[in-house]
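With CSV, C-alpha atoms inside, this is input-v9.csv:
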```csv
chain,number,residue,atom,x,y,z
A,27,MET,CA,21.9,-74.9,-16.2
A,28,LYS,CA,21.4,-71.7,-14.2
A,29,ALA,CA,18.5,-69.3,-13.9
A,30,LEU,CA,18.3,-65.5,-14.2
A,31,VAL,CA,15.3,-63.9,-12.5
A,32,LEU,CA,14.4,-60.3,-13.2
A,33,ALA,CA,13.1,-58.5,-10.1
A,34,GLY,CA,14.3,-55.0,-10.6
A,35,GLY,CA,11.2,-53.3,-12.1
A,36,VAL,CA,9.4,-50.6,-10.1
A,37,GLY,CA,5.8,-51.6,-11.1
A,38,SER,CA,4.6,-48.2,-12.1
A,39,ARG,CA,1.2,-49.6,-13.3
A,40,MET,CA,0.6,-51.0,-9.8
A,41,ARG,CA,0.9,-47.7,-8.0
A,42,PRO,CA,0.1,-46.7,-5.3
A,43,ILE,CA,0.7,-50.2,-4.0
A,44,THR,CA,4.3,-50.3,-5.4
A,45,HIS,CA,5.2,-47.0,-3.9
A,46,THR,CA,6.0,-49.0,-0.7
A,47,SER,CA,6.3,-52.6,-1.9
A,48,ALA,CA,8.1,-54.5,-4.6
A,49,LYS,CA,5.6,-55.5,-7.3
A,50,GLN,CA,7.2,-59.0,-7.4
A,51,LEU,CA,6.2,-59.5,-3.7
A,52,ILE,CA,2.6,-58.6,-4.0
A,53,PRO,CA,0.8,-61.8,-2.8
A,54,VAL,CA,-1.5,-63.9,-4.9
A,55,ALA,CA,-3.5,-66.4,-2.9
A,56,ASN,CA,-1.3,-65.1,0.0
A,57,LYS,CA,2.0,-66.1,-1.8
A,58,PRO,CA,4.3,-63.5,-3.4
A,59,VAL,CA,4.2,-63.6,-7.2
A,60,LEU,CA,8.0,-64.0,-7.3
A,61,PHE,CA,7.8,-67.2,-5.2
A,62,TYR,CA,5.8,-69.0,-7.9
A,63,GLY,CA,8.6,-68.4,-10.3
A,64,LEU,CA,11.3,-69.5,-7.9
A,65,GLU,CA,9.4,-72.7,-7.2
A,66,ALA,CA,9.0,-73.4,-11.0
A,67,ILE,CA,12.7,-73.0,-11.4
A,68,ARG,CA,13.4,-75.4,-8.6
A,69,ASP,CA,10.9,-77.9,-10.0
A,70,ALA,CA,12.8,-77.8,-13.3
A,71,GLY,CA,15.9,-79.1,-11.6
A,72,ILE,CA,17.8,-75.8,-11.5
A,73,ARG,CA,19.6,-74.8,-8.3
A,74,GLU,CA,21.8,-71.7,-9.1
A,75,VAL,CA,19.7,-68.6,-9.4
A,76,GLY,CA,20.8,-65.0,-10.0
A,77,ILE,CA,18.2,-62.3,-9.2
A,78,ILE,CA,18.4,-58.9,-10.8
A,79,VAL,CA,17.4,-56.3,-8.2
A,80,GLY,CA,17.0,-52.6,-8.3
A,81,SER,CA,15.6,-50.0,-5.8
A,82,THR,CA,13.6,-52.6,-4.0
A,83,ALA,CA,16.6,-54.9,-3.4
A,84,PRO,CA,16.4,-54.8,0.4
A,85,GLU,CA,12.8,-56.0,0.5
A,86,ILE,CA,13.4,-58.7,-2.1
A,87,GLU,CA,16.5,-59.9,-0.3
A,88,ARG,CA,14.6,-60.1,3.0
A,89,ALA,CA,11.8,-62.1,1.5
A,90,VAL,CA,14.0,-64.6,-0.5
A,91,GLY,CA,17.1,-64.7,1.6
A,92,ASP,CA,19.8,-67.1,0.4
A,93,GLY,CA,17.2,-69.2,-1.4
A,94,SER,CA,17.4,-72.2,0.9
A,95,GLN,CA,13.7,-72.0,1.7
A,96,PHE,CA,13.1,-72.9,-2.0
A,97,GLY,CA,16.0,-75.4,-2.3
A,98,LEU,CA,18.0,-72.8,-4.3
A,99,ASP,CA,21.3,-71.0,-4.1
A,100,VAL,CA,20.6,-67.4,-4.8
A,101,THR,CA,23.0,-64.6,-5.9
A,102,TYR,CA,21.8,-61.0,-6.0
A,103,LEU,CA,22.9,-58.9,-9.0
A,104,PRO,CA,22.2,-55.1,-8.6
A,105,GLN,CA,21.0,-53.1,-11.6
A,106,ASP,CA,21.1,-49.3,-11.2
A,107,ALA,CA,18.0,-48.8,-13.3
A,108,PRO,CA,15.7,-50.8,-15.6
A,109,ARG,CA,17.6,-50.8,-18.9
A,110,GLY,CA,16.0,-53.7,-20.8
A,111,LEU,CA,16.1,-57.5,-20.6
A,112,GLY,CA,19.3,-57.5,-22.7
A,113,HIS,CA,21.0,-55.3,-20.1
A,114,ALA,CA,20.0,-57.7,-17.4
A,115,VAL,CA,21.8,-60.5,-19.2
A,116,LEU,CA,24.8,-58.2,-19.8
A,117,ILE,CA,25.3,-57.4,-16.1
A,118,ALA,CA,24.8,-61.1,-15.2
A,119,ARG,CA,27.6,-62.2,-17.5
A,120,ASP,CA,30.1,-63.2,-14.8
A,121,PHE,CA,27.4,-65.1,-12.9
A,122,LEU,CA,26.2,-67.0,-15.9
A,123,GLY,CA,29.6,-67.9,-17.3
A,124,GLU,CA,29.4,-70.4,-20.1
A,125,ASP,CA,26.3,-72.2,-18.8
A,126,ASP,CA,22.9,-72.5,-20.4
A,127,PHE,CA,20.3,-70.5,-18.5
A,128,VAL,CA,16.6,-69.8,-18.1
A,129,MET,CA,15.7,-66.1,-18.0
A,130,TYR,CA,12.5,-65.7,-16.0
A,131,LEU,CA,10.6,-62.4,-15.5
A,132,GLY,CA,9.8,-62.2,-11.8
A,133,ASP,CA,6.3,-60.9,-12.2
A,134,ASN,CA,5.2,-63.6,-14.6
A,135,PHE,CA,3.1,-66.7,-13.8
A,136,VAL,CA,3.0,-69.8,-16.0
A,137,VAL,CA,0.6,-72.6,-15.1
A,138,GLY,CA,2.3,-76.0,-15.2
A,139,GLY,CA,5.8,-74.4,-14.6
A,140,ILE,CA,8.7,-74.6,-17.0
A,141,SER,CA,10.0,-78.2,-16.5
A,142,ASP,CA,8.8,-79.3,-20.0
A,143,ALA,CA,10.5,-76.4,-21.7
A,144,VAL,CA,13.8,-76.9,-19.8
A,145,GLN,CA,13.8,-80.7,-20.6
A,146,ARG,CA,13.2,-80.0,-24.3
A,147,PHE,CA,16.0,-77.5,-24.4
A,148,ARG,CA,18.4,-80.0,-22.7
A,149,ARG,CA,17.3,-82.7,-25.2
A,150,GLU,CA,17.5,-80.7,-28.4
A,151,GLN,CA,20.2,-78.1,-27.6
A,152,PRO,CA,19.1,-75.1,-29.7
A,153,HIS,CA,20.8,-71.8,-29.3
A,154,ALA,CA,17.6,-70.4,-27.7
A,155,GLN,CA,14.1,-71.6,-26.9
A,156,LEU,CA,11.1,-69.3,-26.6
A,157,MET,CA,7.8,-69.9,-24.8
A,158,LEU,CA,4.9,-68.4,-26.9
A,159,THR,CA,1.2,-67.9,-26.3
A,160,ARG,CA,-1.6,-66.6,-28.5
A,161,VAL,CA,-2.9,-63.1,-27.5
A,162,LYS,CA,-5.8,-60.9,-28.5
A,163,ASP,CA,-3.7,-57.7,-28.8
A,164,PRO,CA,-0.3,-58.5,-30.3
A,165,HIS,CA,0.6,-54.8,-30.4
A,166,ALA,CA,1.3,-54.9,-26.6
A,167,PHE,CA,3.9,-57.7,-26.6
A,168,GLY,CA,7.0,-59.0,-28.1
A,169,ILE,CA,5.8,-61.1,-31.1
A,170,ALA,CA,7.3,-64.1,-32.9
A,171,GLU,CA,7.0,-64.6,-36.6
A,172,MET,CA,6.9,-68.3,-37.7
A,173,GLY,CA,8.0,-69.8,-40.9
A,174,PRO,CA,6.1,-72.5,-42.8
A,175,ASP,CA,8.1,-75.2,-41.1
A,176,GLY,CA,7.2,-73.9,-37.6
A,177,GLN,CA,10.6,-72.3,-37.0
A,178,VAL,CA,10.9,-68.8,-35.5
A,179,ILE,CA,12.1,-66.6,-38.3
A,180,GLY,CA,11.6,-63.2,-36.7
A,181,VAL,CA,10.8,-61.4,-33.4
A,182,GLU,CA,9.7,-57.8,-32.8
A,183,GLU,CA,9.0,-55.8,-29.7
A,184,LYS,CA,5.5,-54.3,-29.6
A,185,PRO,CA,5.1,-54.1,-33.4
A,186,ARG,CA,2.9,-51.6,-35.1
A,187,TYR,CA,1.9,-54.2,-37.7
A,188,PRO,CA,2.2,-57.6,-36.0
A,189,LYS,CA,3.1,-60.6,-38.2
A,190,SER,CA,1.4,-63.1,-35.8
A,191,ASP,CA,-0.6,-63.3,-32.6
A,192,LEU,CA,2.1,-65.3,-30.8
A,193,ALA,CA,3.5,-63.4,-27.9
A,194,LEU,CA,6.7,-64.1,-26.1
A,195,VAL,CA,5.9,-65.3,-22.6
A,196,GLY,CA,8.4,-64.0,-20.0
A,197,VAL,CA,10.4,-67.2,-19.9
A,198,TYR,CA,13.4,-67.8,-22.2
A,199,VAL,CA,16.0,-70.5,-22.3
A,200,PHE,CA,19.4,-69.5,-23.8
A,201,SER,CA,22.7,-71.1,-24.6
A,202,PRO,CA,25.9,-69.0,-24.1
A,203,ALA,CA,25.6,-68.0,-27.7
A,204,VAL,CA,23.2,-65.2,-26.6
A,205,HIS,CA,26.2,-63.3,-25.0
A,206,GLU,CA,27.6,-62.7,-28.4
A,207,ALA,CA,24.3,-61.2,-29.5
A,208,ILE,CA,24.0,-59.1,-26.4
A,209,ALA,CA,27.5,-57.7,-27.0
A,210,GLU,CA,26.3,-56.4,-30.4
A,211,LEU,CA,23.2,-54.6,-29.2
A,212,LYS,CA,22.5,-50.9,-29.4
A,213,PRO,CA,19.8,-49.2,-27.3
A,214,SER,CA,16.3,-49.2,-28.8
A,215,TRP,CA,14.0,-46.2,-29.2
A,216,ARG,CA,13.1,-46.9,-25.6
A,217,ASN,CA,16.8,-46.5,-24.7
A,218,GLU,CA,16.9,-50.1,-23.6
A,219,LEU,CA,18.8,-53.2,-24.7
A,220,GLU,CA,16.0,-55.4,-26.0
A,221,ILE,CA,16.1,-59.2,-25.7
A,222,THR,CA,14.0,-59.4,-28.9
A,223,ASP,CA,16.9,-57.6,-30.7
A,224,ALA,CA,19.3,-60.2,-29.3
A,225,ILE,CA,17.0,-63.1,-30.5
A,226,GLN,CA,16.7,-61.5,-33.9
A,227,TRP,CA,20.5,-61.2,-34.1
A,228,LEU,CA,20.8,-65.0,-33.4
A,229,ILE,CA,18.2,-65.6,-36.2
A,230,ASP,CA,20.1,-63.4,-38.6
A,231,HIS,CA,23.3,-65.2,-37.9
A,232,GLY,CA,21.9,-68.6,-38.6
A,233,ARG,CA,21.5,-69.8,-35.0
A,234,ARG,CA,18.7,-72.2,-34.2
A,235,ILE,CA,15.7,-70.9,-32.3
A,236,GLU,CA,13.0,-73.3,-31.1
A,237,SER,CA,9.7,-72.4,-29.5
A,238,THR,CA,7.0,-74.0,-27.4
A,239,ILE,CA,3.4,-72.7,-27.7
A,240,ILE,CA,1.6,-72.9,-24.4
A,241,THR,CA,-2.1,-73.1,-24.2
A,242,GLY,CA,-2.6,-72.9,-20.4
A,243,PHE,CA,-2.8,-69.9,-18.2
A,244,TRP,CA,-0.1,-67.3,-18.4
A,245,LYS,CA,-0.1,-63.8,-16.9
A,246,ASP,CA,2.2,-60.9,-16.7
A,247,THR,CA,1.0,-59.4,-13.5
A,248,GLY,CA,1.7,-55.8,-14.3
A,249,SER,CA,-1.7,-54.3,-13.5
A,250,LEU,CA,-4.4,-54.7,-10.9
A,251,ALA,CA,-6.7,-56.5,-13.4
A,252,ASP,CA,-3.8,-59.0,-14.1
A,253,MET,CA,-3.2,-59.6,-10.3
A,254,LEU,CA,-6.9,-60.2,-9.7
A,255,GLU,CA,-7.2,-62.6,-12.6
A,256,MET,CA,-4.2,-64.6,-11.4
A,257,ASN,CA,-5.6,-64.6,-7.9
A,258,ARG,CA,-8.8,-66.1,-9.3
A,259,PHE,CA,-6.9,-68.8,-11.2
A,260,VAL,CA,-4.7,-69.8,-8.2
A,261,LEU,CA,-7.6,-69.9,-5.7
A,262,GLU,CA,-9.6,-72.2,-8.0
A,263,SER,CA,-6.8,-74.8,-7.6
A,264,LEU,CA,-6.7,-74.7,-3.7
A,265,ASP,CA,-7.7,-77.6,-1.5
A,266,SER,CA,-9.8,-76.8,1.6
A,267,GLU,CA,-7.9,-76.6,4.8
A,268,VAL,CA,-9.0,-75.1,8.1
A,269,ARG,CA,-6.3,-74.6,10.7
A,270,GLY,CA,-7.8,-71.6,12.5
A,271,ASP,CA,-10.8,-71.2,14.9
A,272,VAL,CA,-14.2,-71.1,13.0
A,273,SER,CA,-17.2,-70.6,15.2
A,274,ALA,CA,-20.4,-72.6,14.8
A,275,ASP,CA,-22.3,-69.6,13.6
A,276,THR,CA,-20.1,-69.2,10.6
A,277,GLU,CA,-21.2,-70.7,7.2
A,278,MET,CA,-18.5,-71.9,4.8
A,279,THR,CA,-19.1,-73.2,1.3
A,280,GLY,CA,-16.7,-74.1,-1.5
A,281,ARG,CA,-12.9,-74.3,-1.2
A,282,VAL,CA,-11.8,-72.4,1.9
A,283,VAL,CA,-8.3,-72.2,3.4
A,284,ILE,CA,-8.1,-70.8,6.9
A,285,GLY,CA,-4.6,-70.2,8.3
A,286,PRO,CA,-3.4,-71.0,11.9
A,287,GLY,CA,-4.5,-68.5,14.5
A,288,ALA,CA,-7.2,-67.0,12.4
A,289,VAL,CA,-10.5,-66.4,14.1
A,290,ILE,CA,-13.8,-66.5,12.1
A,291,SER,CA,-17.1,-65.8,13.8
A,292,GLY,CA,-20.7,-64.9,12.7
A,293,SER,CA,-19.6,-64.8,9.1
A,294,ARG,CA,-20.3,-66.4,5.7
A,295,ILE,CA,-17.3,-67.5,3.6
A,296,VAL,CA,-18.1,-68.4,0.0
A,297,GLY,CA,-15.0,-70.1,-1.6
A,298,PRO,CA,-12.6,-70.1,-3.1
A,299,VAL,CA,-11.2,-68.0,-0.3
A,300,VAL,CA,-8.0,-67.9,1.6
A,301,VAL,CA,-7.6,-66.3,5.0
A,302,GLY,CA,-4.1,-65.9,6.4
A,303,ALA,CA,-2.7,-66.7,9.8
A,304,GLY,CA,-3.8,-64.5,12.7
A,305,SER,CA,-6.6,-62.7,10.8
A,306,ILE,CA,-10.0,-61.9,12.4
A,307,ILE,CA,-13.2,-62.1,10.3
A,308,ARG,CA,-16.3,-61.1,12.3
A,309,ASN,CA,-19.9,-60.6,11.1
A,310,SER,CA,-18.8,-60.4,7.5
A,311,LEU,CA,-19.2,-61.9,4.1
A,312,LEU,CA,-16.1,-63.0,2.2
A,313,GLY,CA,-17.2,-63.8,-1.4
A,314,PRO,CA,-15.6,-65.9,-4.0
A,315,PHE,CA,-12.0,-65.3,-5.2
A,316,THR,CA,-10.9,-63.3,-2.2
A,317,SER,CA,-7.5,-63.5,-0.6
A,318,VAL,CA,-7.0,-62.1,2.9
A,319,ASP,CA,-3.4,-62.0,4.1
A,320,CYS,CA,-2.1,-62.5,7.6
A,321,ASP,CA,-3.1,-60.4,10.6
A,322,CYS,CA,-6.0,-58.6,8.9
A,323,THR,CA,-9.2,-57.6,10.6
A,324,ILE,CA,-12.5,-57.5,8.7
A,325,ILE,CA,-15.7,-56.6,10.7
A,326,ASN,CA,-19.3,-56.0,9.6
A,327,SER,CA,-18.1,-55.9,5.9
A,328,GLU,CA,-18.6,-57.5,2.6
A,329,ILE,CA,-15.8,-58.2,0.1
A,330,GLU,CA,-15.3,-60.4,-2.9
A,331,GLN,CA,-13.0,-60.9,-5.8
A,332,SER,CA,-10.3,-58.9,-4.0
A,333,ILE,CA,-6.8,-59.0,-2.5
A,334,VAL,CA,-6.4,-57.8,1.1
A,335,LEU,CA,-2.7,-57.4,2.1
A,336,ARG,CA,-1.1,-58.0,5.5
A,337,GLY,CA,-2.4,-56.1,8.5
A,338,ALA,CA,-5.3,-54.3,6.7
A,339,PHE,CA,-8.3,-53.2,8.8
A,340,ILE,CA,-11.8,-53.0,7.3
A,341,ASP,CA,-14.9,-52.1,9.4
A,342,GLY,CA,-18.4,-51.5,8.3
A,343,VAL,CA,-17.9,-51.4,4.6
A,344,GLY,CA,-20.1,-53.4,2.2
A,345,GLY,CA,-20.0,-54.0,-1.5
A,346,ILE,CA,-16.2,-54.1,-1.9
A,347,GLU,CA,-15.3,-55.9,-5.1
A,348,TRP,CA,-12.4,-56.1,-7.6
A,349,SER,CA,-10.2,-54.3,-5.2
A,350,MET,CA,-6.7,-54.4,-3.6
A,351,ILE,CA,-6.2,-53.1,-0.1
A,352,GLY,CA,-2.6,-52.4,0.9
A,353,ARG,CA,-0.7,-53.4,3.9
A,354,GLU,CA,-1.8,-51.8,7.2
A,355,ALA,CA,-4.5,-49.8,5.3
A,356,ARG,CA,-7.6,-48.8,7.2
A,357,LEU,CA,-11.1,-48.7,5.6
A,358,ILE,CA,-13.8,-47.5,7.9
A,359,THR,CA,-17.4,-46.2,7.5
A,360,GLY,CA,-20.5,-45.5,9.5
A,361,PRO,CA,-23.8,-47.5,9.6
A,362,ARG,CA,-25.1,-46.5,6.1
A,363,VAL,CA,-23.3,-48.3,3.3
A,364,PRO,CA,-23.5,-47.4,-0.4
A,365,LYS,CA,-24.0,-50.3,-2.8
A,366,THR,CA,-20.5,-50.8,-4.1
A,367,TYR,CA,-16.9,-49.5,-3.8
A,368,ARG,CA,-13.8,-50.2,-5.8
A,369,PHE,CA,-10.4,-49.4,-4.2
A,370,VAL,CA,-6.7,-49.6,-4.8
A,371,LEU,CA,-5.2,-48.5,-1.5
A,372,GLY,CA,-1.5,-48.1,-0.8
A,373,ASP,CA,0.2,-49.4,2.2
A,374,HIS,CA,-0.5,-47.6,5.5
A,375,SER,CA,-3.3,-45.5,3.9
A,376,GLU,CA,-6.6,-44.7,5.7
A,377,VAL,CA,-9.9,-44.0,4.1
A,378,ARG,CA,-13.1,-42.8,5.8
A,379,VAL,CA,-16.2,-43.1,3.7
A,380,SER,CA,-18.9,-40.5,4.2
A,381,VAL,CA,-22.4,-41.7,5.0
```
Could I get this structure in the form of structure tokens?
Amino acid sequence: MKALVLAGGVGSRMRPITHTSAKQLIPVANKPVLFYGLEAIRDAGIREVGIIVGSTAPEIERAVGDGSQFGLDVTYLPQDAPRGLGHAVLIARDFLGEDDFVMYLGDNFVVGGISDAVQRFRREQPHAQLMLTRVKDPHAFGIAEMGPDGQVIGVEEKPRYPKSDLALVGVYVFSPAVHEAIAELKPSWRNELEITDAIQWLIDHGRRIESTIITGFWKDTGSLADMLEMNRFVLESLDSEVRGDVSADTEMTGRVVIGPGAVISGSRIVGPVVVGAGSIIRNSLLGPFTSVDCDCTIINSEIEQSIVLRGAFIDGVGGIEWSMIGREARLITGPRVPKTYRFVLGDHSEVRVSV
């Protein structure tokens, strides 16, 4: 079995962060989202991985390399523009050959990984297997319709009148039969080759489609709110580890991870919090569910429930919450601090807050 990972999207809902960074590489608990998926694929016993890349290909290739850091053998498959999940399978045809494969959307996160789904597919050998989860707003997802025997009898992309609340999670397992369906596809109203149309073709032609309903955490990290929610979830599972220099006048409570070379002084850290290697935290409060990446500086500031990307500099700003601060961004203010701020700052930006 092989894996096909989709990492070609531009992440328009995450701008301005994604103007200068691939959305799949935005860190959650100081690890890029894409890495969680690659680790899940490895843990499922899959080694050969094709990664669909687009305009951010150089950045993704630098981060992932040949895949050996994950125990994988990675092949990069360029896509000139996002043209749908079906199109990704089409351009990966030579790589996939006649093997079964997992298709994994690179900005998705599934707690517990995909090993159970892969093992079930290998055991039962359907033509396709879907991972489903119940959602509050089925209009925003691909939705599966179930028959009385629990079989999938229909799928539809973002339906106007949903027939269930079971959304397709961004992980699919296919046999080579899907290539026959892909070859018959026509562009949808979005001018894309929809994977839901391919699945429906398989259903219409009598192919067996199985499904697994997951009840744990799943997130499509396509927006700031999604990223912050995933960050909260991952941080809650961390074990405390202090490898940096924490002064005696610093108070730490809860689960806290301090990376090597980080220096914390005169501060209060209320976990769960992670501080990356080489970062400096001085006379500040880091509240719960905050991730500070490597080589950041936070001085005389207060921040909670936020993600601070590599190299950011924050000085004298209180009340930061539910924010994402981009790489090398600078956030500075004078001695008077308003009650709260909320920011989404792009990489290399600078903000001066008036007093």
Would you work out the distance separating CA of Ile329 (chain A) from CA of Leu311 (chain A), expressed in Å to one decimal?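 These atoms are spaced 6.4 Å apart.
Relative to CA of Leu111 (chain A), CA of Ile72 (chain A) is found at 20.5 Å.
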Report as a list of chain:residue names all protein, DNA and RNA residues lying within 10 Å of Val75 (chain A), evaluated on all atoms listed in the file, omitting residues in the same chain fewer than 5 positions from it.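 Once the nearby chain positions are removed, what remains is A:Met27, A:Lys28, A:Ala29, A:Leu30, A:Val31, A:Leu64, A:Ile67, A:Arg68, A:Asp92, A:Gly93, A:Leu98, A:Asp99, A:Val100, A:Thr101, A:Tyr102, A:Phe121, A:Leu122, A:Phe127, A:Val128, A:Met129.
Across the structure, CA of Pro164 (chain A) and CA of Gly138 (chain A) are spaced 23.3 Å apart.
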Could you list, as a PyMOL selection string, every residue within 12 Å of Arg186 (chain A), counting all atoms listed in the file and ignoring same-chain residues fewer than 6 positions away? chain A and resi 163-169
Which residue, A:Ile340, A:Ala143, A:Leu335, A:Ala274, has the smallest gap to Val301 (chain A) when you use all atoms listed in the file? A:Leu335
Could you give me, as a ChimeraX atom specification, the residues within 10 Å of region 212-215 of chain A, counting all atoms listed in the file and dropping anything in the same chain fewer than 6 positions from it? /A:109-110,112-113,183,223-224
Which residue gives the smallest distance to Gly132 (chain A) among A:Leu261, A:Leu254, A:Val197, A:Met350, with all atoms listed in the file counted? A:Val197
Nearby residues (all atoms listed in the file) at most 7 Å from Thr222 (chain A), same-chain spacing under 4 positions excluded, as a list in words: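 In the requested format, the answer is Val181, Glu182, Glu183 and Gln226 of chain A.
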